[in-house]
file upload.tsv (TSV, C-alpha atoms and all ligand atoms)
chain	number	residue	atom	x	y	z
A	13	MET	CA	19.71	-2.27	26.65
A	14	ASP	CA	21.91	-5.23	25.91
A	15	PRO	CA	24.50	-5.36	28.73
A	16	ARG	CA	27.26	-5.80	26.15
A	17	CYS	CA	26.55	-2.36	24.68
A	18	ASN	CA	28.52	0.57	26.00
A	19	VAL	CA	27.73	4.15	25.23
A	20	ASN	CA	30.30	4.93	22.56
A	21	SER	CA	29.95	2.31	19.86
A	22	PHE	CA	27.64	0.62	17.38
A	23	TYR	CA	26.88	-3.01	18.19
A	24	PRO	CA	25.32	-4.44	15.03
A	25	GLY	CA	22.66	-7.03	15.78
A	26	LEU	CA	22.36	-6.39	19.52
A	27	ASN	CA	19.38	-4.71	21.17
A	28	TRP	CA	19.75	-0.94	20.68
A	29	SER	CA	18.04	1.27	23.22
A	30	ASP	CA	16.95	4.88	23.17
A	31	THR	CA	18.08	7.39	25.80
A	32	GLU	CA	15.30	6.16	28.09
A	33	GLY	CA	16.49	2.57	27.88
A	34	ARG	CA	13.69	1.32	25.64
A	35	SER	CA	14.33	-0.80	22.54
A	36	ILE	CA	14.42	1.31	19.41
A	37	GLN	CA	11.47	0.65	17.08
A	38	ALA	CA	12.51	2.03	13.68
A	39	HIS	CA	12.57	-0.82	11.17
A	40	GLY	CA	12.90	-0.47	7.40
A	41	GLY	CA	14.11	2.99	8.26
A	42	GLY	CA	15.99	5.93	6.88
A	43	ILE	CA	17.87	9.01	8.08
A	44	LEU	CA	17.29	12.72	7.56
A	45	TYR	CA	20.05	15.14	8.55
A	46	ASN	CA	18.89	18.59	9.57
A	47	CYS	CA	20.80	21.38	11.39
A	48	GLY	CA	23.29	19.16	13.21
A	49	ILE	CA	20.76	16.46	14.11
A	50	TYR	CA	20.20	13.06	12.53
A	51	TYR	CA	16.58	11.91	12.52
A	52	TRP	CA	15.93	8.19	12.23
A	53	TYR	CA	12.47	7.26	10.93
A	54	GLY	CA	11.23	3.71	10.74
A	55	GLU	CA	8.40	1.27	11.21
A	56	ASN	CA	7.26	0.94	14.79
A	57	LYS	CA	6.57	-2.79	15.01
A	58	ASP	CA	5.66	-2.86	18.67
A	59	SER	CA	2.69	-5.22	18.32
A	60	GLU	CA	2.16	-8.97	18.20
A	61	THR	CA	3.40	-10.87	15.16
A	62	TYR	CA	1.08	-13.35	13.49
A	63	ARG	CA	0.89	-15.17	10.19
A	64	VAL	CA	-1.85	-14.22	7.74
A	65	GLY	CA	-3.68	-17.53	7.45
A	66	GLU	CA	-5.27	-17.04	4.04
A	67	ILE	CA	-1.86	-16.63	2.40
A	68	THR	CA	-0.38	-20.08	1.92
A	69	ASP	CA	2.00	-19.68	-1.02
A	70	TRP	CA	4.44	-17.54	1.02
A	71	GLU	CA	5.00	-16.84	4.70
A	72	CYS	CA	3.18	-13.58	5.32
A	73	TRP	CA	4.20	-12.74	8.87
A	74	ARG	CA	2.96	-9.34	9.99
A	75	SER	CA	2.46	-7.11	12.98
A	76	ASP	CA	-0.40	-4.66	13.08
A	77	VAL	CA	0.55	-1.13	12.12
A	78	THR	CA	1.23	1.15	15.07
A	79	GLY	CA	2.84	4.00	13.12
A	80	VAL	CA	6.11	5.53	12.03
A	81	SER	CA	8.63	6.31	14.78
A	82	CYS	CA	11.20	9.07	14.87
A	83	TYR	CA	14.40	9.23	16.95
A	84	SER	CA	16.93	12.07	17.02
A	85	SER	CA	20.65	12.13	17.71
A	86	SER	CA	23.65	14.37	17.20
A	87	ASP	CA	26.22	11.55	17.49
A	88	LEU	CA	24.32	8.60	15.92
A	89	ILE	CA	24.79	6.56	19.12
A	90	HIS	CA	22.44	8.23	21.62
A	91	TRP	CA	18.90	8.29	20.25
A	92	LYS	CA	16.11	10.32	21.81
A	93	ASN	CA	12.64	8.94	21.15
A	94	GLU	CA	10.61	11.68	19.41
A	95	GLY	CA	7.58	9.41	19.47
A	96	ILE	CA	5.29	8.15	16.75
A	97	VAL	CA	5.22	10.92	14.17
A	98	LEU	CA	2.67	9.26	11.89
A	99	GLU	CA	0.05	7.41	13.91
A	100	ALA	CA	-1.86	4.32	12.87
A	101	VAL	CA	-5.61	4.76	12.45
A	102	ARG	CA	-7.65	2.46	14.67
A	103	ASP	CA	-11.27	3.27	13.90
A	104	ASP	CA	-11.47	3.24	10.08
A	105	PRO	CA	-10.63	-0.14	8.48
A	106	SER	CA	-10.60	1.44	5.02
A	107	HIS	CA	-7.89	3.96	5.91
A	108	ASP	CA	-4.37	3.38	4.51
A	109	LEU	CA	-2.94	3.68	8.02
A	110	HIS	CA	-5.43	1.31	9.65
A	111	THR	CA	-3.75	-1.20	11.97
A	112	SER	CA	-4.67	-4.05	9.57
A	113	LYS	CA	-2.72	-2.52	6.66
A	114	VAL	CA	0.96	-2.47	5.73
A	115	VAL	CA	3.05	0.68	6.25
A	116	GLU	CA	6.68	-0.04	5.41
A	117	ARG	CA	10.03	1.58	4.63
A	118	PRO	CA	9.19	5.21	5.53
A	119	LYS	CA	11.71	7.77	4.27
A	120	VAL	CA	11.70	11.53	4.91
A	121	ILE	CA	13.24	14.29	2.81
A	122	TYR	CA	13.15	18.05	3.28
A	123	ASN	CA	11.83	20.35	0.57
A	124	GLU	CA	13.65	23.71	0.58
A	125	LYS	CA	11.07	25.35	-1.70
A	126	THR	CA	8.04	24.57	0.45
A	127	ASN	CA	9.88	24.32	3.77
A	128	LYS	CA	8.13	21.00	4.44
A	129	TYR	CA	9.31	17.58	5.55
A	130	VAL	CA	7.86	14.95	3.26
A	131	MET	CA	7.50	11.28	4.15
A	132	TRP	CA	7.13	8.55	1.52
A	133	MET	CA	6.27	4.97	2.40
A	134	HIS	CA	4.99	1.67	1.04
A	135	ILE	CA	1.25	1.34	1.66
A	136	ASP	CA	-0.45	-1.98	1.22
A	137	THR	CA	-3.20	-4.31	2.35
A	138	MET	CA	-2.19	-7.16	4.64
A	139	HIS	CA	-2.15	-9.35	1.51
A	140	TYR	CA	0.24	-6.99	-0.29
A	141	ASP	CA	-2.15	-6.67	-3.22
A	142	TYR	CA	-2.71	-2.88	-3.21
A	143	ALA	CA	0.99	-2.10	-3.86
A	144	ALA	CA	1.04	1.68	-3.60
A	145	VAL	CA	3.04	4.56	-2.14
A	146	GLY	CA	1.80	6.86	0.60
A	147	VAL	CA	2.79	10.49	1.20
A	148	ALA	CA	2.67	12.53	4.42
A	149	ILE	CA	3.86	16.04	5.24
A	150	SER	CA	5.02	18.02	8.27
A	151	ASP	CA	6.35	21.45	9.20
A	152	ASN	CA	8.84	19.84	11.58
A	153	PRO	CA	11.19	16.87	11.35
A	154	THR	CA	9.66	15.51	14.55
A	155	GLY	CA	6.16	15.72	13.14
A	156	PRO	CA	3.32	15.26	13.55
A	157	PHE	CA	3.05	14.22	9.90
A	158	LYS	CA	-0.25	14.72	8.14
A	159	TYR	CA	-1.14	11.82	5.89
A	160	LEU	CA	-2.11	13.04	2.40
A	161	ARG	CA	-2.88	10.07	0.16
A	162	SER	CA	-1.73	6.87	-1.48
A	163	PHE	CA	-1.44	6.11	-5.17
A	164	ARG	CA	0.26	3.83	-7.63
A	165	PRO	CA	3.15	5.78	-9.16
A	166	ASN	CA	2.94	6.03	-12.94
A	167	ASN	CA	-0.09	3.71	-12.60
A	168	CYS	CA	2.27	0.87	-11.71
A	169	ASP	CA	2.33	-1.44	-8.72
A	170	SER	CA	4.89	-0.36	-6.13
A	171	ARG	CA	6.14	-2.37	-3.15
A	172	ASP	CA	9.59	-1.83	-1.55
A	173	MET	CA	10.67	1.72	-2.25
A	174	THR	CA	12.93	4.57	-1.27
A	175	VAL	CA	13.33	8.24	-2.08
A	176	PHE	CA	16.63	9.86	-2.94
A	177	LYS	CA	17.30	13.62	-2.90
A	178	ASP	CA	20.12	14.74	-5.14
A	179	ASP	CA	22.55	17.64	-4.49
A	180	ASP	CA	20.58	19.91	-6.85
A	181	GLY	CA	17.36	19.43	-4.86
A	182	GLU	CA	15.76	17.10	-7.42
A	183	ALA	CA	14.33	14.00	-5.75
A	184	TYR	CA	13.40	10.57	-7.07
A	185	LEU	CA	11.27	7.60	-6.12
A	186	PHE	CA	12.73	4.12	-6.62
A	187	TYR	CA	10.16	1.34	-6.39
A	188	SER	CA	10.01	-2.39	-7.02
A	189	SER	CA	7.33	-2.86	-9.63
A	190	GLU	CA	5.88	-5.32	-12.14
A	191	MET	CA	5.24	-7.78	-9.29
A	192	ASN	CA	8.71	-7.02	-7.90
A	193	LYS	CA	10.38	-8.11	-11.15
A	194	THR	CA	11.70	-4.68	-12.21
A	195	MET	CA	12.84	-1.53	-10.41
A	196	HIS	CA	11.30	1.77	-11.56
A	197	ILE	CA	12.84	5.20	-11.10
A	198	THR	CA	10.64	8.28	-11.42
A	199	PRO	CA	11.19	11.95	-10.50
A	200	LEU	CA	9.29	13.59	-7.66
A	201	SER	CA	7.37	16.77	-8.41
A	202	GLU	CA	8.86	20.10	-7.27
A	203	ASP	CA	6.94	19.95	-3.98
A	204	TYR	CA	7.94	16.27	-3.50
A	205	LEU	CA	4.27	15.32	-3.08
A	206	GLY	CA	3.79	13.55	-6.40
A	207	VAL	CA	5.74	11.97	-9.23
A	208	GLY	CA	6.47	12.90	-12.83
A	209	ASP	CA	4.87	11.14	-15.78
A	210	HIS	CA	7.96	9.25	-16.89
A	211	PHE	CA	10.00	6.47	-15.36
A	212	SER	CA	12.89	4.25	-16.27
A	213	GLN	CA	13.02	0.49	-15.76
A	214	VAL	CA	16.19	-1.02	-14.35
A	215	PHE	CA	17.24	-4.52	-13.31
A	216	VAL	CA	14.51	-5.72	-15.68
A	217	GLY	CA	13.22	-9.15	-14.69
A	218	GLN	CA	15.87	-9.44	-11.96
A	219	SER	CA	13.48	-9.31	-8.96
A	220	ARG	CA	15.31	-6.84	-6.73
A	221	GLU	CA	13.82	-5.03	-3.73
A	222	ALA	CA	14.80	-2.96	-0.66
A	223	PRO	CA	16.53	-0.21	-2.70
A	224	ALA	CA	19.00	2.04	-0.85
A	225	VAL	CA	20.40	4.83	-3.00
A	226	PHE	CA	23.25	7.26	-2.39
A	227	LYS	CA	25.79	9.33	-4.28
A	228	HIS	CA	29.54	9.19	-3.95
A	229	LYS	CA	31.98	11.29	-5.97
A	230	MET	CA	29.35	12.17	-8.59
A	231	LYS	CA	28.29	8.54	-9.11
A	232	TYR	CA	25.02	7.05	-7.99
A	233	CYS	CA	25.03	3.81	-6.12
A	234	MET	CA	22.06	1.51	-5.43
A	235	ILE	CA	22.09	-1.42	-3.03
A	236	THR	CA	19.24	-3.92	-3.38
A	237	SER	CA	18.26	-7.30	-2.00
A	238	GLY	CA	16.69	-10.26	-3.70
A	239	CYS	CA	13.00	-11.04	-3.06
A	240	THR	CA	12.77	-13.72	-0.36
A	241	GLY	CA	10.21	-12.28	2.05
A	242	TRP	CA	11.69	-11.81	5.52
A	243	GLU	CA	14.56	-14.22	4.77
A	244	ALA	CA	17.99	-12.79	4.15
A	245	ASN	CA	19.67	-13.08	0.77
A	246	GLU	CA	22.65	-11.53	-0.98
A	247	ALA	CA	22.73	-7.75	-1.25
A	248	GLN	CA	24.07	-6.50	-4.55
A	249	TYR	CA	25.06	-3.05	-5.65
A	250	ALA	CA	24.98	-1.21	-8.91
A	251	VAL	CA	26.43	2.12	-10.03
A	252	ALA	CA	25.30	4.72	-12.56
A	253	GLU	CA	26.42	8.09	-13.87
A	254	SER	CA	22.86	9.18	-14.51
A	255	ILE	CA	20.07	8.54	-12.04
A	256	TYR	CA	17.86	6.93	-14.70
A	257	GLY	CA	20.66	4.60	-15.73
A	258	PRO	CA	22.16	2.66	-17.27
A	259	TRP	CA	22.86	0.99	-13.92
A	260	THR	CA	25.80	-1.39	-13.97
A	261	VAL	CA	25.46	-4.28	-11.54
A	262	LYS	CA	28.81	-4.66	-9.80
A	263	GLY	CA	28.01	-7.71	-7.67
A	264	SER	CA	27.85	-8.67	-4.04
A	265	LEU	CA	28.03	-5.86	-1.46
A	266	CYS	CA	29.30	-7.76	1.55
A	267	THR	CA	32.56	-9.55	2.19
A	268	GLY	CA	33.60	-12.30	4.57
A	269	GLU	CA	31.61	-14.88	6.51
A	270	ASN	CA	27.84	-14.87	5.93
A	271	SER	CA	28.23	-12.21	3.20
A	272	ALA	CA	26.02	-14.28	0.87
A	273	ARG	CA	23.17	-13.58	3.31
A	274	THR	CA	24.18	-9.95	4.01
A	275	PHE	CA	25.04	-11.07	7.57
A	276	GLY	CA	21.43	-12.25	7.95
A	277	THR	CA	19.96	-8.85	7.08
A	278	GLN	CA	18.20	-6.82	4.40
A	279	GLY	CA	19.33	-3.29	3.54
A	280	THR	CA	17.17	-0.24	4.01
A	281	TYR	CA	19.28	2.93	3.66
A	282	VAL	CA	22.72	4.43	3.23
A	283	PHE	CA	23.62	7.87	4.55
A	284	PRO	CA	26.75	10.03	4.67
A	285	ILE	CA	28.36	11.23	7.89
A	286	ILE	CA	28.30	14.99	7.68
A	287	GLY	CA	31.77	16.54	7.87
A	288	LYS	CA	33.71	13.35	7.07
A	289	GLN	CA	35.14	12.27	3.72
A	290	ASP	CA	34.15	8.94	2.17
A	291	ALA	CA	32.11	8.12	5.26
A	292	CYS	CA	28.79	6.38	4.69
A	293	ILE	CA	26.80	3.97	6.84
A	294	PHE	CA	24.85	1.02	5.45
A	295	MET	CA	21.67	0.43	7.49
A	296	ALA	CA	20.02	-2.97	7.40
A	297	ASP	CA	17.34	-4.91	9.25
A	298	LEU	CA	17.94	-8.24	10.93
A	299	TRP	CA	14.35	-9.44	10.58
A	300	LYS	CA	12.91	-11.81	13.17
A	301	LYS	CA	9.93	-12.88	11.10
A	302	GLN	CA	8.06	-14.61	13.92
A	303	ASP	CA	8.53	-11.71	16.32
A	304	LEU	CA	9.02	-8.67	14.15
A	305	ARG	CA	9.27	-6.16	16.99
A	306	GLU	CA	12.42	-8.00	18.11
A	307	SER	CA	14.09	-7.41	14.74
A	308	ARG	CA	17.50	-5.81	15.16
A	309	TYR	CA	19.59	-3.25	13.31
A	310	ILE	CA	22.88	-3.74	11.56
A	311	TRP	CA	24.76	-0.57	10.72
A	312	LEU	CA	28.15	-0.97	9.11
A	313	PRO	CA	30.60	1.38	7.39
A	314	VAL	CA	30.76	1.37	3.60
A	315	ARG	CA	34.29	0.95	2.26
A	316	PHE	CA	35.18	2.72	-0.98
A	317	LYS	CA	37.86	1.56	-3.40
A	318	GLY	CA	37.81	3.21	-6.81
A	319	ASP	CA	34.46	2.39	-8.35
A	320	SER	CA	33.82	-0.44	-5.91
A	321	ILE	CA	32.21	-0.50	-2.52
A	322	SER	CA	32.03	-3.19	0.12
A	323	VAL	CA	30.68	-3.80	3.59
A	324	GLY	CA	32.45	-6.13	6.04
A	325	TRP	CA	31.24	-7.42	9.37
A	326	MET	CA	32.16	-5.68	12.63
A	327	GLY	CA	30.61	-6.68	15.93
A	328	LYS	CA	31.54	-3.36	17.50
A	329	TRP	CA	32.74	-0.13	15.92
A	330	ASN	CA	32.52	3.64	16.09
A	331	LEU	CA	32.93	6.66	13.84
A	332	SER	CA	36.70	6.70	14.32
A	333	VAL	CA	36.89	4.06	11.56
A	334	PHE	CA	36.35	6.97	9.17
A	335	ASP	CA	39.32	9.03	10.50
B	401	LIG	C1	10.53	-7.94	2.09
B	401	LIG	C2	10.43	-6.46	2.17
B	401	LIG	O1	11.67	-5.91	1.88
B	401	LIG	C3	9.96	-6.04	3.54
B	401	LIG	O2	9.90	-4.65	3.61
B	401	LIG	C4	8.62	-6.68	3.77
B	401	LIG	O3	7.70	-6.19	2.82
B	401	LIG	C5	8.72	-8.17	3.64
B	401	LIG	N1	9.26	-8.52	2.34
B	401	LIG	C6	7.40	-8.85	3.82
B	401	LIG	O4	7.54	-10.25	3.67
call {"tool": "encode", "arguments": {"input": "upload.tsv", "output": "structure tokens", "more": "lines below"}}
Ligand code: DGJ
result
Amino acid sequence: MDPRCNVNSFYPGLNWSDTEGRSIQAHGGGILYNCGIYYWYGENKDSETYRVGEITDWECWRSDVTGVSCYSSSDLIHWKNEGIVLEAVRDDPSHDLHTSKVVERPKVIYNEKTNKYVMWMHIDTMHYDYAAVGVAISDNPTGPFKYLRSFRPNNCDSRDMTVFKDDDGEAYLFYSSEMNKTMHITPLSEDYLGVGDHFSQVFVGQSREAPAVFKHKMKYCMITSGCTGWEANEAQYAVAESIYGPWTVKGSLCTGENSARTFGTQGTYVFPIIGKQDACIFMADLWKKQDLRESRYIWLPVRFKGDSISVGWMGKWNLSVFD
């Protein structure tokens, strides 16, 4: 635990610990709210970082897959480690979850019809040339999750992705496709284990990744980053009245110093605070590319003004900002 952290606030960018005092490992993560508890799922990157030597045209820093972590909290500050809920596979190099592969950006949604928790994630080879999604399922939010399969949605390449569950129970997969040039949006099947046979293309040719999707006052909002590997760039946001678009790009998300680099981070998720009005938190990763397990978390409140949103820097804050 960073000595500057006290027990009642968020300290973006400092070392966040779980209730046992160990650094939280939940990168590229997302939140599921269930019966008064927030569950935080993310990449456990607790392994050595190294650069993939054969890749010379971009800096492919990686850490071997250890699995997907889950933490639980009722106040969003104190996080209990629920362990690795989807384990890496160590003895089968061909398996999607083998330590040598890529398992990124896990997101979990609950399916009321099947009473199952469904995890979606980016599955790839260490060279990022498989470009697929993986699906896992559990009876409990704290797992264990059973890995089902990987596939390319709509027969298209898929790298950074997220899933979004709408108020009516319909859910959607957003994925960076066409070699990251264009974002695709496709519906999930009723059981959330597959996708429909249609998709829409948005931000065509604009090379956006790291989608984070939420809804506010009947409008959809999508925050994305540019494609610069582990380096930070400017987060932008877009709004839409229909999930498939048209999506109107509104511009930069962040305000103030270092906003052009999203305060050194890359977004991963936005979630609402249950029971509060206009209260959403933007979650982002402060990547440390040469030591990925030391990457930090930046959570900041989303400010709403008419059709616009913004995120400003705060070194320390708590939920009273929403009162
Ligand atoms: C940017 C992506 O958003 C991350 O999830 C990760 O895939 C890195 N690229 C790898 O360089």
call {"tool": "closest_residue", "arguments": {"input": "upload.tsv", "among": "A:Arg315, A:Arg220, A:Lys193, A:His110", "to": "ligand LIG 401 (chain B)", "atoms": "all atoms listed in the file"}}
result
A:Arg220
call {"tool": "residues_near_ligand", "arguments": {"input": "upload.tsv", "ligand": "ligand LIG 401 (chain B)", "cutoff": "8 Å", "atoms": "only C-alpha atoms and all ligand atoms", "output": "mmCIF file with C-alpha atoms, in the coordinates of the input"}}
result
data_model
loop_
_atom_site.group_PDB
_atom_site.id
_atom_site.type_symbol
_atom_site.label_atom_id
_atom_site.label_comp_id
_atom_site.auth_asym_id
_atom_site.auth_seq_id
_atom_site.Cartn_x
_atom_site.Cartn_y
_atom_site.Cartn_z
ATOM 1 C CA GLY A 40 12.900 -0.470 7.400
ATOM 2 C CA GLU A 71 5.000 -16.840 4.700
ATOM 3 C CA CYS A 72 3.180 -13.580 5.320
ATOM 4 C CA TRP A 73 4.200 -12.740 8.870
ATOM 5 C CA ARG A 74 2.960 -9.340 9.990
ATOM 6 C CA GLU A 116 6.680 -0.040 5.410
ATOM 7 C CA ARG A 117 10.030 1.580 4.630
ATOM 8 C CA ARG A 171 6.140 -2.370 -3.150
ATOM 9 C CA ASP A 172 9.590 -1.830 -1.550
ATOM 10 C CA GLU A 221 13.820 -5.030 -3.730
ATOM 11 C CA ALA A 222 14.800 -2.960 -0.660
ATOM 12 C CA SER A 237 18.260 -7.300 -2.000
ATOM 13 C CA CYS A 239 13.000 -11.040 -3.060
ATOM 14 C CA THR A 240 12.770 -13.720 -0.360
ATOM 15 C CA GLY A 241 10.210 -12.280 2.050
ATOM 16 C CA TRP A 242 11.690 -11.810 5.520
ATOM 17 C CA GLU A 243 14.560 -14.220 4.770
ATOM 18 C CA GLN A 278 18.200 -6.820 4.400
#
call {"tool": "atom_distance", "arguments": {"input": "upload.tsv", "atom1": "CA of Gly217 (chain A)", "atom2": "CA of Asn192 (chain A)"}}
result
8.4 Å
call {"tool": "closest_residue", "arguments": {"input": "upload.tsv", "among": "A:Ser106, A:Asn93, A:Thr61, A:Asn46", "to": "Asp136 (chain A)", "atoms": "all atoms listed in the file"}}
result
A:Ser106
call {"tool": "atom_distance", "arguments": {"input": "upload.tsv", "atom1": "CA of Asn123 (chain A)", "atom2": "CA of Glu94 (chain A)"}}
result
20.8 Å
call {"tool": "atom_distance", "arguments": {"input": "upload.tsv", "atom1": "CA of Arg161 (chain A)", "atom2": "CA of Val97 (chain A)"}}
result
16.2 Å
call {"tool": "decode", "arguments": {"input": "upload.tsv", "residues": "region 217-226 of chain A", "atoms": "all heavy atoms", "output": "CSV table (one decimal), in the first residue's frame"}}
result
chain,number,residue,atom,x,y,z
A,217,GLY,N,-11.9,3.7,-40.5
A,217,GLY,CA,-10.6,4.1,-40.9
A,217,GLY,C,-9.9,5.0,-39.8
A,217,GLY,O,-8.9,5.6,-40.1
A,218,GLN,N,-10.6,5.2,-38.6
A,218,GLN,CA,-10.0,6.1,-37.7
A,218,GLN,C,-9.1,5.5,-36.6
A,218,GLN,O,-8.6,6.2,-35.8
A,218,GLN,CB,-11.2,6.8,-37.0
A,218,GLN,CG,-11.9,7.8,-37.9
A,218,GLN,CD,-13.1,8.5,-37.2
A,218,GLN,OE1,-13.0,8.9,-36.1
A,218,GLN,NE2,-14.2,8.6,-37.9
A,219,SER,N,-8.9,4.2,-36.7
A,219,SER,CA,-8.0,3.5,-35.8
A,219,SER,C,-8.2,3.8,-34.3
A,219,SER,O,-7.4,4.5,-33.7
A,219,SER,CB,-6.5,3.8,-36.2
A,219,SER,OG,-6.2,3.4,-37.5
A,220,ARG,N,-9.3,3.4,-33.8
A,220,ARG,CA,-9.6,3.6,-32.4
A,220,ARG,C,-9.6,2.3,-31.7
A,220,ARG,O,-10.0,1.2,-32.3
A,220,ARG,CB,-11.0,4.3,-32.2
A,220,ARG,CG,-11.2,5.6,-33.0
A,220,ARG,CD,-10.2,6.6,-32.6
A,220,ARG,NE,-10.3,7.0,-31.2
A,220,ARG,CZ,-9.4,7.9,-30.7
A,220,ARG,NH1,-8.4,8.4,-31.4
A,220,ARG,NH2,-9.5,8.2,-29.4
A,221,GLU,N,-9.2,2.2,-30.4
A,221,GLU,CA,-9.3,1.0,-29.6
A,221,GLU,C,-9.7,1.3,-28.2
A,221,GLU,O,-10.0,2.4,-27.9
A,221,GLU,CB,-7.9,0.2,-29.7
A,221,GLU,CG,-6.8,0.9,-29.1
A,221,GLU,CD,-5.5,0.1,-29.2
A,221,GLU,OE1,-5.4,-1.0,-29.8
A,221,GLU,OE2,-4.5,0.5,-28.6
A,222,ALA,N,-9.6,0.3,-27.3
A,222,ALA,CA,-9.9,0.4,-25.9
A,222,ALA,C,-11.3,1.0,-25.7
A,222,ALA,O,-11.5,2.0,-25.0
A,222,ALA,CB,-8.9,1.3,-25.2
A,223,PRO,N,-12.4,0.4,-26.4
A,223,PRO,CA,-13.7,1.0,-26.2
A,223,PRO,C,-14.3,0.8,-24.8
A,223,PRO,O,-14.1,-0.2,-24.2
A,223,PRO,CB,-14.5,0.2,-27.2
A,223,PRO,CG,-13.8,-1.1,-27.3
A,223,PRO,CD,-12.4,-0.8,-27.2
A,224,ALA,N,-14.9,1.9,-24.3
A,224,ALA,CA,-15.6,1.8,-23.0
A,224,ALA,C,-17.0,2.4,-23.2
A,224,ALA,O,-17.0,3.6,-23.7
A,224,ALA,CB,-14.8,2.6,-21.9
A,225,VAL,N,-18.0,1.7,-23.0
A,225,VAL,CA,-19.4,2.1,-23.5
A,225,VAL,C,-20.3,2.2,-22.3
A,225,VAL,O,-20.3,1.3,-21.4
A,225,VAL,CB,-19.9,1.1,-24.5
A,225,VAL,CG1,-21.3,1.5,-25.0
A,225,VAL,CG2,-19.0,0.9,-25.7
A,226,PHE,N,-21.1,3.2,-22.2
A,226,PHE,CA,-22.1,3.4,-21.2
A,226,PHE,C,-23.3,4.2,-21.7
A,226,PHE,O,-23.2,4.7,-22.8
A,226,PHE,CB,-21.5,4.0,-19.9
A,226,PHE,CG,-21.0,5.4,-20.0
A,226,PHE,CD1,-21.7,6.4,-19.5
A,226,PHE,CD2,-19.8,5.7,-20.7
A,226,PHE,CE1,-21.3,7.7,-19.6
A,226,PHE,CE2,-19.4,7.0,-20.8
A,226,PHE,CZ,-20.1,8.0,-20.3
